[in-house]
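Containing mmCIF, C-alpha atoms and all ligand atoms: run.cif.
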data_data
loop_
_atom_site.label_atom_id
_atom_site.label_comp_id
_atom_site.auth_asym_id
_atom_site.auth_seq_id
_atom_site.Cartn_x
_atom_site.Cartn_y
_atom_site.Cartn_z
CA MET A 1 190.52 148.06 117.85
CA PRO A 2 191.00 144.30 118.43
CA GLY A 3 194.60 143.11 117.86
CA LYS A 4 195.77 140.52 115.33
CA THR A 5 192.45 139.75 113.75
CA PHE A 6 192.01 139.44 110.00
CA TYR A 7 189.26 139.26 107.42
CA ILE A 8 189.82 137.94 103.90
CA GLU A 9 187.58 138.14 100.84
CA THR A 10 188.45 136.14 97.74
CA PHE A 11 187.58 136.95 94.14
CA GLY A 12 188.04 134.84 91.03
CA CYS A 13 189.03 131.28 90.26
CA GLN A 14 189.76 128.13 92.26
CA MET A 15 193.48 128.94 92.17
CA ASN A 16 192.67 132.07 94.12
CA ALA A 17 190.36 130.20 96.49
CA HIS A 18 193.20 127.79 97.24
CA ASP A 19 195.73 130.62 97.56
CA SER A 20 193.45 132.15 100.18
CA GLU A 21 193.47 128.85 102.07
CA LYS A 22 197.28 129.14 102.19
CA VAL A 23 197.11 132.78 103.33
CA VAL A 24 194.60 131.91 106.06
CA GLY A 25 196.75 128.98 107.26
CA THR A 26 199.82 131.22 107.41
CA LEU A 27 198.04 134.00 109.30
CA LEU A 28 196.62 131.56 111.84
CA ALA A 29 200.11 130.14 112.37
CA GLU A 30 201.34 133.69 112.96
CA GLY A 31 198.85 134.13 115.80
CA TYR A 32 196.10 135.99 113.96
CA THR A 33 192.43 135.15 114.43
CA GLN A 34 190.06 135.08 111.47
CA VAL A 35 186.86 137.12 111.78
CA ALA A 36 183.74 137.16 109.66
CA THR A 37 183.44 140.84 108.75
CA PRO A 38 185.85 143.60 107.74
CA GLU A 39 184.41 145.77 110.52
CA GLU A 40 185.75 143.42 113.23
CA ALA A 41 189.19 143.00 111.66
CA HIS A 42 192.50 144.69 112.32
CA LEU A 43 193.84 143.49 108.96
CA VAL A 44 191.52 143.41 105.92
CA LEU A 45 192.75 141.43 102.91
CA TYR A 46 191.34 141.20 99.40
CA ASN A 47 192.64 138.32 97.29
CA THR A 48 191.93 139.73 93.88
CA CYS A 49 191.25 138.65 90.32
CA SER A 50 192.08 140.73 87.26
CA ILE A 51 190.80 138.46 84.54
CA ARG A 52 187.98 140.94 83.80
CA ASP A 53 187.73 144.63 84.39
CA LYS A 54 184.57 144.15 86.47
CA ALA A 55 186.34 141.96 89.02
CA GLU A 56 189.09 144.54 89.37
CA GLN A 57 186.64 147.43 89.83
CA LYS A 58 184.89 145.49 92.57
CA VAL A 59 188.07 145.43 94.68
CA PHE A 60 188.63 149.15 94.42
CA SER A 61 185.02 149.83 95.33
CA ARG A 62 185.42 147.57 98.40
CA LEU A 63 188.56 149.49 99.39
CA GLN A 64 186.74 152.78 98.94
CA GLN A 65 183.94 151.60 101.20
CA PHE A 66 186.26 151.24 104.21
CA LYS A 67 188.60 154.12 103.48
CA ARG A 68 187.70 156.05 106.63
CA GLU A 69 188.48 153.05 108.86
CA ALA A 70 192.17 153.29 107.92
CA GLY A 71 192.53 156.33 110.16
CA LYS A 72 191.43 154.19 113.11
CA GLY A 73 194.40 151.83 112.74
CA LYS A 74 192.87 149.25 110.42
CA LEU A 75 195.32 147.82 107.85
CA PHE A 76 194.40 146.97 104.26
CA GLY A 77 196.15 144.53 101.93
CA VAL A 78 195.62 143.73 98.26
CA LEU A 79 196.76 140.24 97.27
CA GLY A 80 196.60 138.19 94.06
CA CYS A 81 196.39 139.16 90.41
CA VAL A 82 195.43 142.84 90.73
CA ALA A 83 198.29 143.26 93.20
CA GLN A 84 200.76 141.68 90.78
CA GLN A 85 199.40 143.60 87.81
CA GLU A 86 199.11 147.06 89.35
CA GLY A 87 201.96 146.78 91.87
CA GLU A 88 202.86 149.95 93.74
CA LYS A 89 200.32 151.96 91.69
CA ILE A 90 197.75 150.61 94.14
CA PHE A 91 199.28 152.79 96.88
CA GLU A 92 198.53 155.86 94.72
CA ARG A 93 195.02 154.78 93.80
CA ALA A 94 194.07 153.68 97.33
CA PRO A 95 196.51 155.38 99.74
CA HIS A 96 195.11 153.55 102.78
CA VAL A 97 196.40 150.22 101.41
CA THR A 98 199.57 149.15 103.22
CA LEU A 99 200.29 145.71 101.75
CA VAL A 100 200.43 144.68 98.07
CA ALA A 101 201.49 141.10 97.35
CA GLY A 102 201.16 138.70 94.40
CA SER A 103 200.59 134.96 94.70
CA ALA A 104 204.26 134.05 94.23
CA SER A 105 205.06 135.87 97.49
CA TYR A 106 202.73 134.08 99.88
CA THR A 107 205.57 131.98 101.31
CA LYS A 108 207.10 135.28 102.44
CA LEU A 109 203.92 136.46 104.17
CA PRO A 110 205.31 136.08 107.71
CA GLN A 111 208.15 138.51 106.89
CA LEU A 112 205.74 140.90 105.16
CA LEU A 113 203.47 140.83 108.23
CA VAL A 114 206.40 141.69 110.50
CA GLN A 115 207.11 144.78 108.36
CA LEU A 116 203.44 145.70 108.41
CA GLU A 117 203.11 145.37 112.17
CA ALA A 118 206.32 147.39 112.60
CA GLY A 119 204.52 150.34 111.05
CA ASN A 120 205.85 150.15 107.49
CA ARG A 121 203.08 151.63 105.38
CA ARG A 122 204.15 150.40 101.96
CA VAL A 123 204.93 146.70 102.17
CA THR A 124 205.25 144.81 98.88
CA GLY A 125 205.74 141.21 97.76
CA LEU A 126 205.80 141.40 93.98
CA SER A 127 208.69 139.22 92.90
CA LEU A 128 207.78 136.55 90.32
CA ASP A 129 211.15 134.84 90.25
CA THR A 130 210.51 132.47 93.12
CA ASP A 131 210.24 128.74 92.43
CA GLU A 132 208.89 127.99 95.87
CA THR A 133 205.23 128.89 95.56
CA PHE A 134 203.79 125.46 96.32
CA ASP A 135 204.98 124.26 99.65
CA THR A 136 203.54 126.82 102.01
CA PRO A 137 203.74 124.94 105.29
CA PHE A 138 200.27 126.07 106.43
CA THR A 139 197.00 125.69 104.57
CA ARG A 140 193.60 126.05 106.23
CA ARG A 141 191.24 124.20 103.91
CA ASP A 142 187.65 125.42 103.78
CA ASN A 143 186.08 122.09 102.96
CA PRO A 144 186.65 119.00 105.15
CA HIS A 145 186.07 116.52 102.30
CA ARG A 146 187.42 118.11 99.12
CA ALA A 147 190.94 119.52 98.93
CA TYR A 148 192.73 121.53 96.28
CA ILE A 149 196.34 120.78 95.42
CA THR A 150 198.33 123.12 93.16
CA ILE A 151 200.43 121.08 90.72
CA ILE A 152 201.60 123.81 88.34
CA GLU A 153 201.81 127.58 88.68
CA GLY A 154 201.90 130.24 85.96
CA CYS A 155 201.43 129.87 82.22
CA ASP A 156 203.71 129.77 79.18
CA LYS A 157 200.95 130.43 76.64
CA SER A 158 200.22 133.96 75.53
CA CYS A 159 196.51 134.11 74.77
CA ALA A 160 195.86 137.61 73.46
CA TYR A 161 193.20 138.48 76.05
CA CYS A 162 194.79 137.01 79.18
CA VAL A 163 196.64 138.63 82.06
CA VAL A 164 197.72 135.41 83.74
CA PRO A 165 201.21 135.17 82.21
CA PHE A 166 201.82 138.66 83.67
CA THR A 167 200.24 138.09 87.05
CA ARG A 168 201.36 134.53 87.77
CA GLY A 169 204.54 134.33 85.71
CA PRO A 170 205.97 131.43 83.69
CA GLU A 171 205.02 127.78 84.23
CA ARG A 172 206.57 126.01 87.21
CA SER A 173 205.57 122.38 87.86
CA ARG A 174 205.81 120.82 91.27
CA THR A 175 207.54 117.46 91.71
CA GLY A 176 205.31 114.40 91.47
CA GLU A 177 206.69 113.20 94.77
CA SER A 178 205.61 116.38 96.52
CA VAL A 179 202.10 116.23 94.99
CA MET A 180 201.79 112.59 96.07
CA ALA A 181 202.99 113.35 99.59
CA GLU A 182 200.37 116.09 99.98
CA ALA A 183 197.61 113.90 98.51
CA ARG A 184 198.52 111.00 100.84
CA ARG A 185 198.53 113.31 103.83
CA LEU A 186 195.09 114.62 102.86
CA ALA A 187 193.75 111.07 102.45
CA GLU A 188 195.03 110.23 105.93
CA GLN A 189 193.22 113.30 107.27
CA GLY A 190 189.95 112.01 105.81
CA TYR A 191 189.71 113.98 102.57
CA THR A 192 188.14 111.85 99.85
CA GLU A 193 188.14 114.24 96.90
CA ILE A 194 191.23 115.89 95.44
CA GLN A 195 191.16 118.65 92.88
CA LEU A 196 194.45 119.23 91.05
CA LEU A 197 194.90 122.86 90.11
CA GLY A 198 196.87 124.86 87.59
CA GLN A 199 196.35 127.43 84.84
CA ASN A 200 197.14 124.66 82.39
CA VAL A 201 197.36 121.32 84.19
CA ASN A 202 197.86 119.48 80.89
CA SER A 203 201.34 120.89 80.47
CA TYR A 204 202.39 119.57 83.88
CA ARG A 205 205.84 118.00 83.76
CA ASP A 206 207.47 116.63 86.88
CA PRO A 207 210.79 118.52 87.19
CA SER A 208 212.44 115.61 89.05
CA ALA A 209 214.17 112.68 87.36
CA ALA A 210 210.86 110.77 87.33
CA GLY A 211 209.61 113.24 84.69
CA TRP A 212 205.92 112.30 85.00
CA ASP A 213 203.53 113.91 82.56
CA PHE A 214 200.01 114.92 83.56
CA ALA A 215 198.40 111.61 82.58
CA THR A 216 200.89 109.72 84.79
CA LEU A 217 200.33 112.06 87.71
CA LEU A 218 196.55 111.61 87.38
CA ALA A 219 196.89 107.83 87.37
CA ARG A 220 199.15 107.86 90.45
CA VAL A 221 197.02 110.22 92.53
CA ALA A 222 193.93 108.16 91.71
CA GLU A 223 195.60 105.06 93.22
CA ILE A 224 196.04 106.57 96.68
CA PRO A 225 193.97 104.57 99.19
CA GLY A 226 191.08 106.61 100.59
CA ILE A 227 190.83 108.99 97.62
CA ARG A 228 187.47 108.38 95.92
CA ARG A 229 187.40 111.25 93.46
CA VAL A 230 190.04 113.20 91.57
CA ARG A 231 189.20 116.27 89.50
CA TYR A 232 191.41 118.75 87.72
CA THR A 233 191.22 122.21 86.30
CA THR A 234 192.01 123.86 83.98
CA SER A 235 192.92 122.28 80.66
CA HIS A 236 194.28 123.81 77.47
CA PRO A 237 192.96 122.04 74.35
CA ARG A 238 196.35 122.11 72.64
CA ASP A 239 197.89 120.03 75.45
CA PHE A 240 194.88 117.80 76.09
CA VAL A 241 196.16 114.50 74.70
CA ARG A 242 194.84 110.96 74.28
CA ALA A 243 196.93 109.68 77.21
CA ILE A 244 194.85 111.82 79.60
CA VAL A 245 191.61 110.25 78.38
CA GLU A 246 193.18 106.79 78.60
CA ALA A 247 194.23 107.44 82.20
CA MET A 248 190.69 108.57 83.01
CA ASP A 249 189.11 105.60 81.29
CA ALA A 250 191.33 103.26 83.29
CA ASN A 251 190.28 104.41 86.73
CA PRO A 252 186.77 105.66 87.69
CA VAL A 253 188.29 107.55 90.64
CA LEU A 254 189.18 110.10 87.95
CA CYS A 255 185.86 111.93 87.65
CA ASP A 256 183.58 111.82 84.60
CA HIS A 257 184.09 115.49 83.79
CA VAL A 258 186.43 117.52 81.60
CA HIS A 259 186.46 121.30 81.43
CA LEU A 260 187.98 122.15 78.06
CA PRO A 261 187.86 125.92 77.41
CA VAL A 262 187.36 126.63 73.70
CA GLN A 263 186.79 130.43 73.85
CA SER A 264 185.45 130.62 70.25
CA GLY A 265 184.07 128.31 67.59
CA SER A 266 185.76 130.27 64.78
CA SER A 267 189.30 129.31 63.70
CA ARG A 268 189.82 132.90 62.58
CA VAL A 269 189.07 134.24 66.07
CA LEU A 270 191.07 131.44 67.70
CA ALA A 271 194.09 132.50 65.61
CA ALA A 272 193.59 136.14 66.63
CA MET A 273 193.39 134.99 70.25
CA ASP A 274 196.64 133.03 69.77
CA ARG A 275 195.00 129.94 71.23
CA LEU A 276 197.30 127.60 69.23
CA TYR A 277 194.54 125.31 67.93
CA THR A 278 191.90 125.45 65.22
CA ARG A 279 188.24 124.60 65.54
CA ASP A 280 188.89 121.22 63.89
CA GLN A 281 191.76 120.42 66.23
CA TYR A 282 189.52 121.28 69.17
CA LEU A 283 186.81 118.99 67.80
CA GLU A 284 189.39 116.19 67.55
CA ARG A 285 189.91 116.53 71.33
CA ILE A 286 186.16 116.40 71.85
CA GLU A 287 186.05 113.26 69.74
CA LEU A 288 188.59 111.63 72.09
CA LEU A 289 186.09 112.16 74.89
CA LYS A 290 182.97 111.19 72.94
CA THR A 291 184.55 107.90 71.85
CA ALA A 292 186.00 107.11 75.29
CA ARG A 293 184.96 104.08 77.33
CA ARG A 294 183.08 106.19 79.87
CA ARG A 295 180.57 108.96 79.31
CA TYR A 296 182.18 112.28 80.27
CA SER A 297 180.43 115.56 80.84
CA ILE A 298 182.15 118.32 78.91
CA THR A 299 182.09 121.98 79.91
CA THR A 300 183.80 125.02 78.46
CA ASP A 301 184.49 128.77 78.57
CA ILE A 302 183.46 131.11 75.76
CA ILE A 303 184.32 134.75 75.14
CA VAL A 304 181.96 136.72 72.88
CA GLY A 305 182.86 139.99 71.19
CA PHE A 306 186.63 139.49 70.93
CA PRO A 307 188.05 142.31 68.72
CA GLY A 308 187.22 141.58 65.09
CA GLU A 309 184.62 138.88 65.86
CA THR A 310 182.08 139.07 63.01
CA GLU A 311 178.52 137.80 62.97
CA GLU A 312 179.77 134.86 60.94
CA ASP A 313 182.43 134.05 63.57
CA PHE A 314 179.78 134.18 66.25
CA GLU A 315 177.57 131.83 64.21
CA ARG A 316 180.49 129.38 64.18
CA THR A 317 180.51 129.46 67.97
CA LEU A 318 176.76 128.77 68.08
CA ASP A 319 177.29 125.92 65.65
CA LEU A 320 180.02 124.50 67.92
CA LEU A 321 177.51 124.39 70.78
CA ASP A 322 175.22 122.29 68.57
CA LYS A 323 178.07 119.95 67.69
CA VAL A 324 179.59 119.45 71.14
CA GLN A 325 176.42 119.62 73.27
CA TYR A 326 178.21 120.99 76.34
CA ASP A 327 176.84 120.06 79.74
CA SER A 328 177.53 123.57 81.00
CA LEU A 329 179.52 126.62 80.02
CA PHE A 330 180.89 129.85 81.41
CA SER A 331 180.39 132.71 78.97
CA PHE A 332 181.83 136.20 79.10
CA LYS A 333 181.90 139.39 77.11
CA TYR A 334 185.43 140.25 76.03
CA SER A 335 186.98 142.67 78.49
CA PRO A 336 190.17 144.58 77.53
CA ARG A 337 192.97 143.96 80.02
CA PRO A 338 196.24 145.78 80.59
CA ASN A 339 199.46 144.29 79.16
CA THR A 340 197.60 142.02 76.74
CA ALA A 341 198.01 141.83 72.95
CA ALA A 342 194.27 142.22 72.33
CA LEU A 343 194.29 145.64 73.94
CA SER A 344 195.60 147.26 70.78
CA MET A 345 193.57 145.19 68.31
CA PRO A 346 191.24 147.07 65.96
CA ASP A 347 187.53 146.43 65.28
CA ARG A 348 186.20 146.50 68.78
CA VAL A 349 182.74 144.99 69.04
CA PRO A 350 180.30 147.52 70.54
CA GLU A 351 179.11 146.78 74.07
CA GLU A 352 175.43 146.35 73.03
CA GLU A 353 176.46 143.87 70.36
CA LYS A 354 178.53 141.88 72.87
CA GLN A 355 175.52 141.84 75.17
CA ARG A 356 173.24 140.65 72.35
CA ARG A 357 175.61 137.82 71.41
CA LEU A 358 176.02 136.79 75.03
CA ALA A 359 172.24 136.59 75.52
CA ILE A 360 171.79 134.48 72.35
CA LEU A 361 174.62 132.16 73.37
CA GLN A 362 173.29 131.69 76.89
CA GLU A 363 169.74 131.05 75.65
CA LYS A 364 170.98 128.39 73.27
CA GLN A 365 173.09 126.72 75.97
CA ARG A 366 170.18 126.78 78.39
CA ALA A 367 168.05 124.80 75.93
CA ILE A 368 170.91 122.28 75.52
CA GLN A 369 171.27 121.87 79.29
CA ILE A 370 167.52 121.40 79.76
CA ARG A 371 167.60 118.60 77.22
CA ARG A 372 170.78 116.95 78.45
CA ASN A 373 169.75 117.01 82.09
CA ALA A 374 166.31 115.60 81.24
CA GLU A 375 168.04 112.59 79.65
CA LEU A 376 169.28 111.62 83.11
CA ILE A 377 165.83 111.19 84.68
CA GLY A 378 165.52 107.64 85.97
CA GLU A 379 169.29 107.08 86.22
CA VAL A 380 171.04 106.35 89.53
CA ARG A 381 174.12 108.48 90.25
CA GLU A 382 176.56 108.43 93.13
CA VAL A 383 176.85 111.80 94.88
CA LEU A 384 179.22 113.24 97.42
CA VAL A 385 176.90 114.97 99.90
CA GLU A 386 178.03 118.62 100.19
CA GLY A 387 175.36 120.21 102.36
CA ARG A 388 171.72 120.53 103.29
CA ASN A 389 169.08 122.93 102.04
CA VAL A 390 166.92 123.11 105.15
CA PRO A 391 163.98 125.16 103.76
CA LEU A 392 163.60 122.72 100.85
CA GLY A 393 164.19 119.66 103.03
CA GLN A 394 166.81 118.47 100.55
CA TRP A 395 170.43 117.36 100.65
CA ILE A 396 172.86 118.87 98.17
CA GLY A 397 175.01 116.36 96.32
CA ARG A 398 177.56 116.47 93.52
CA THR A 399 177.89 113.75 90.92
CA SER A 400 181.17 112.53 89.46
CA ASP A 401 180.29 114.39 86.24
CA ASN A 402 180.04 117.60 88.29
CA ARG A 403 176.27 118.07 88.34
CA THR A 404 174.42 119.33 91.38
CA LEU A 405 171.91 116.67 92.41
CA ASN A 406 169.62 117.74 95.25
CA PHE A 407 167.83 114.86 96.89
CA THR A 408 165.56 113.74 99.67
CA HIS A 409 166.61 111.20 102.30
CA SER A 410 164.93 109.93 105.47
CA GLU A 411 167.89 111.26 107.52
CA THR A 412 167.87 114.97 108.29
CA GLU A 413 171.43 115.16 109.58
CA GLY A 414 174.86 113.54 109.40
CA LEU A 415 175.12 112.87 105.69
CA VAL A 416 177.62 115.56 104.64
CA GLY A 417 180.81 113.98 103.31
CA ARG A 418 179.17 110.61 102.59
CA TYR A 419 178.84 109.00 99.16
CA LEU A 420 175.28 107.90 98.36
CA ASP A 421 173.35 106.57 95.37
CA VAL A 422 170.54 108.84 94.24
CA ARG A 423 167.86 108.24 91.61
CA VAL A 424 167.22 111.29 89.41
CA THR A 425 163.50 112.15 89.35
CA ARG A 426 163.42 115.70 87.94
CA SER A 427 165.72 118.05 86.09
CA GLY A 428 166.20 121.72 85.36
CA PRO A 429 168.74 123.66 83.29
CA ASN A 430 171.31 123.86 86.10
CA SER A 431 170.63 120.98 88.45
CA LEU A 432 168.90 117.67 89.07
CA VAL A 433 166.52 116.53 91.79
CA GLY A 434 166.25 112.99 93.11
CA GLU A 435 165.65 110.50 95.91
CA ALA A 436 168.29 108.56 97.78
CA VAL A 437 168.35 104.86 96.92
CA VAL A 438 168.25 103.04 100.25
S1 LIG B 1 196.32 129.25 78.58
FE1 LIG B 1 195.82 131.30 77.84
S2 LIG B 1 193.90 131.80 78.94
FE2 LIG B 1 194.86 130.12 80.07
S3 LIG B 1 196.10 131.12 81.64
FE3 LIG B 1 197.46 130.75 79.89
S4 LIG B 1 197.40 132.64 78.71
FE4 LIG B 1 195.63 132.68 80.11
#
Reformat the file's structure so that it appears as structure tokens.
Ligand code: SF4
Amino acid sequence: MPGKTFYIETFGCQMNAHDSEKVVGTLLAEGYTQVATPEEAHLVLYNTCSIRDKAEQKVFSRLQQFKREAGKGKLFGVLGCVAQQEGEKIFERAPHVTLVAGSASYTKLPQLLVQLEAGNRRVTGLSLDTDETFDTPFTRRDNPHRAYITIIEGCDKSCAYCVVPFTRGPERSRTGESVMAEARRLAEQGYTEIQLLGQNVNSYRDPSAAGWDFATLLARVAEIPGIRRVRYTTSHPRDFVRAIVEAMDANPVLCDHVHLPVQSGSSRVLAAMDRLYTRDQYLERIELLKTARRRYSITTDIIVGFPGETEEDFERTLDLLDKVQYDSLFSFKYSPRPNTAALSMPDRVPEEEKQRRLAILQEKQRAIQIRRNAELIGEVREVLVEGRNVPLGQWIGRTSDNRTLNFTHSETEGLVGRYLDVRVTRSGPNSLVGEAVV
């Protein structure tokens, strides 16, 4: 068995992806070497997501797969939301797991590793009462051009279907000064795109005397020399205010894209979900974007089959798609989660009905995306080159409004990380194709 090697697999959202970057940086600083497969590793880590039951099941099936390896000295750790949610119960369910730690404990990883290496077989990091979850000294970023920065942790809302307030705790904002220092450092290292992260970035409030709100933070980060694009995720419609759109309008470094999760088009369902806004209030936020100076792409999340959702409620969601004309959406069937208010709600929608609604919703959205993407044919868009698709002979680019734009260019290497103008020549439901303008 090779010593001090680790493998990590990440499930779930960008917050988790960034958390894994912090875990990797910490492990490397502690003298571990990262390997590409669980088979090669001494320490196997799963950074988990518990937003849906399916994601949680996947982790336990992974753990099951390597159960026999534990006898040969391999160590297994469960990190992230499932760890925080299930806690020490994980040791009962998967007895070969030796480390269980939630995201608020990653700053303590070096101490947890010492306990693990000393032979302790039940090491836990489950405290949520830390306020120091941001400034992990080591972060190994996966992408050399785009960097995530956490600006706020946790969530003070209590949406009836969501586990996040239980797994990530209450909201804690980071100081503006500390966000700026990290962003400046990244710019100096050559990063050109920053993505500000939080469960609800809109409720960001600088805890220092400066007291910046989210719109101010956006404006300041966008002014840092060398930063060409700033994105953020995720927003809560209730806290998405005019000042944010004004900050975006004022500086094109702030990308032409807003992800504004609606979850349902029915005010009745939104009330049951405890989302704290009505359909009309949501549409007012959309109006802020549609009447803005720039054209923004708008994307969303939708849950179908929330307890009590009637056919009429579902029709309201379909109607919302017609009204907003989203550029893309993530859609899910409602999945009951532990500790949430919706768990005990009556009138569960049968699984087949959820599936039927999901299929109808996705078909409708697909038609909208085909139409909206086709409208872009002939336009020139700036892309950040993210990679190359060798078999297709195309470069992969991303536009400011978060579309994938694959394109041809006379160069066959050396373009990744550059910003280029590309003319759109073809479109599909999920991406665009074009030619570099040279
Ligand atoms: S705003 Fe609602 S859905 Fe989003 S993290 Fe908070 S509780 Fe969950």
Atomic distance atom CA of A:Glu311 - atom CA of A:Ser50, expressed in Å with one decimal: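 Computing it gives 28.0 Å between the two atoms.
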Using all atoms listed in the file, which residues of the polymer chains come no farther than 7 Å from ligand LIG 1 (chain B)? I'd like the answer as a PDB file with C-alpha atoms, in the frame of the given file.
ATOM      1  CA  CYS A 155     201.430 129.870  82.220  1.00  0.00           C
ATOM      2  CA  ASP A 156     203.710 129.770  79.180  1.00  0.00           C
ATOM      3  CA  LYS A 157     200.950 130.430  76.640  1.00  0.00           C
ATOM      4  CA  SER A 158     200.220 133.960  75.530  1.00  0.00           C
ATOM      5  CA  CYS A 159     196.510 134.110  74.770  1.00  0.00           C
ATOM      6  CA  CYS A 162     194.790 137.010  79.180  1.00  0.00           C
ATOM      7  CA  VAL A 163     196.640 138.630  82.060  1.00  0.00           C
ATOM      8  CA  VAL A 164     197.720 135.410  83.740  1.00  0.00           C
ATOM      9  CA  PRO A 165     201.210 135.170  82.210  1.00  0.00           C
ATOM     10  CA  GLN A 199     196.350 127.430  84.840  1.00  0.00           C
ATOM     11  CA  ASN A 200     197.140 124.660  82.390  1.00  0.00           C
ATOM     12  CA  HIS A 236     194.280 123.810  77.470  1.00  0.00           C
ATOM     13  CA  ARG A 275     195.000 129.940  71.230  1.00  0.00           C
TER      14      ARG A 275
END
Which residues are close to stretch 213-228 of chain A, i.e. within 9 Å by only C-alpha atoms, leaving aside same-chain residues fewer than 3 positions away? Reply as a PDB file with C-alpha atoms, in the frame of the given file.
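Below is the file selection08.pdb, written as the result:
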ATOM      1  CA  GLY A 176     205.310 114.400  91.470  1.00  0.00           C
ATOM      2  CA  VAL A 179     202.100 116.230  94.990  1.00  0.00           C
ATOM      3  CA  MET A 180     201.790 112.590  96.070  1.00  0.00           C
ATOM      4  CA  ALA A 183     197.610 113.900  98.510  1.00  0.00           C
ATOM      5  CA  ARG A 184     198.520 111.000 100.840  1.00  0.00           C
ATOM      6  CA  LEU A 186     195.090 114.620 102.860  1.00  0.00           C
ATOM      7  CA  ALA A 187     193.750 111.070 102.450  1.00  0.00           C
ATOM      8  CA  GLU A 188     195.030 110.230 105.930  1.00  0.00           C
ATOM      9  CA  GLY A 190     189.950 112.010 105.810  1.00  0.00           C
ATOM     10  CA  TYR A 191     189.710 113.980 102.570  1.00  0.00           C
ATOM     11  CA  THR A 192     188.140 111.850  99.850  1.00  0.00           C
ATOM     12  CA  GLU A 193     188.140 114.240  96.900  1.00  0.00           C
ATOM     13  CA  ILE A 194     191.230 115.890  95.440  1.00  0.00           C
ATOM     14  CA  LEU A 196     194.450 119.230  91.050  1.00  0.00           C
ATOM     15  CA  VAL A 201     197.360 121.320  84.190  1.00  0.00           C
ATOM     16  CA  ASN A 202     197.860 119.480  80.890  1.00  0.00           C
ATOM     17  CA  SER A 203     201.340 120.890  80.470  1.00  0.00           C
ATOM     18  CA  TYR A 204     202.390 119.570  83.880  1.00  0.00           C
ATOM     19  CA  ARG A 205     205.840 118.000  83.760  1.00  0.00           C
ATOM     20  CA  ASP A 206     207.470 116.630  86.880  1.00  0.00           C
ATOM     21  CA  ARG A 231     189.200 116.270  89.500  1.00  0.00           C
ATOM     22  CA  TYR A 232     191.410 118.750  87.720  1.00  0.00           C
ATOM     23  CA  VAL A 241     196.160 114.500  74.700  1.00  0.00           C
ATOM     24  CA  ALA A 243     196.930 109.680  77.210  1.00  0.00           C
ATOM     25  CA  ILE A 244     194.850 111.820  79.600  1.00  0.00           C
ATOM     26  CA  VAL A 245     191.610 110.250  78.380  1.00  0.00           C
ATOM     27  CA  GLU A 246     193.180 106.790  78.600  1.00  0.00           C
ATOM     28  CA  ALA A 247     194.230 107.440  82.200  1.00  0.00           C
ATOM     29  CA  MET A 248     190.690 108.570  83.010  1.00  0.00           C
ATOM     30  CA  ALA A 250     191.330 103.260  83.290  1.00  0.00           C
ATOM     31  CA  ASN A 251     190.280 104.410  86.730  1.00  0.00           C
ATOM     32  CA  PRO A 252     186.770 105.660  87.690  1.00  0.00           C
ATOM     33  CA  VAL A 253     188.290 107.550  90.640  1.00  0.00           C
ATOM     34  CA  LEU A 254     189.180 110.100  87.950  1.00  0.00           C
TER      35      LEU A 254
END
Of the listed residues A:Gln263, A:Ser328, A:Ser427, A:Ser178, that which approaches A:Gln362 most closely, counting only C-alpha atoms: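 Of the candidates, the smallest distance to A:Gln362 is held by A:Ser328.
With atom CA of A:Val383 on one side and atom CA of A:Thr399 on the other, the separation reads 4.5 Å.
Taking atom CA of A:Gly102 and atom CA of A:Leu43 as the two end points, the separation is 17.0 Å.
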Using all atoms listed in the file: which of A:Asn402, A:Phe306, A:Gly397, A:Glu386 has the shortest distance to A:Cys255: A:Asn402
Residue nearest A:His18 - candidates A:Thr139, A:Gln64, A:Thr299, A:Ser335, atoms counted: all atoms listed in the file: A:Thr139
As JSON, please: the centre and edge lengths in Å, to one decimal, of an axis-aligned box enclosing every listed atom of stretch 11-14 of chain A with 8 Å added on each side.
{"center_x": 188.7, "center_y": 132.5, "center_z": 92.2, "size_x": 18.2, "size_y": 24.8, "size_z": 19.9}
10 Å contact set for A:Glu86, only C-alpha atoms, chain neighbours under 6 positions out, as a PyMOL selection string: chain A and resi 50+93+100+102+126+167+338
Residues near A:Thr408, cut-off 8 Å, all atoms listed in the file, skip fewer than 6 positions along chain, as a list of chain:residue names: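 The residues that qualify are A:Gly393, A:Gln394, A:Trp395, A:Gly434, A:Glu435, A:Ala436.
Across A:Val304, A:Leu276, A:Ala292, A:Leu79, the tightest approach to A:Asp249 is made by A:Ala292 when counting all atoms listed in the file.
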Need to verify the contact set: A:Gln281, 9 Å, only C-alpha atoms, exclusion of same-chain residues closer than 5 positions in sequence. Can you return it as an mmCIF file with C-alpha atoms, in the coordinates of the input?
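That gives us result_37.cif:
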data_model
loop_
_atom_site.group_PDB
_atom_site.id
_atom_site.type_symbol
_atom_site.label_atom_id
_atom_site.label_comp_id
_atom_site.auth_asym_id
_atom_site.auth_seq_id
_atom_site.Cartn_x
_atom_site.Cartn_y
_atom_site.Cartn_z
ATOM 1 C CA PRO A 237 192.960 122.040 74.350
ATOM 2 C CA ARG A 238 196.350 122.110 72.640
ATOM 3 C CA ILE A 286 186.160 116.400 71.850
#
All residues 12 Å or closer to A:Pro95, only C-alpha atoms, same chain fewer than 5 positions away omitted, as a count of residues only: 18
Minimum-distance residue to A:Arg52, chosen among A:Asn406, A:Thr340, A:Thr425, A:Thr233 (using all atoms listed in the file):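 Distance minimum relative to A:Arg52 lands on A:Thr340.
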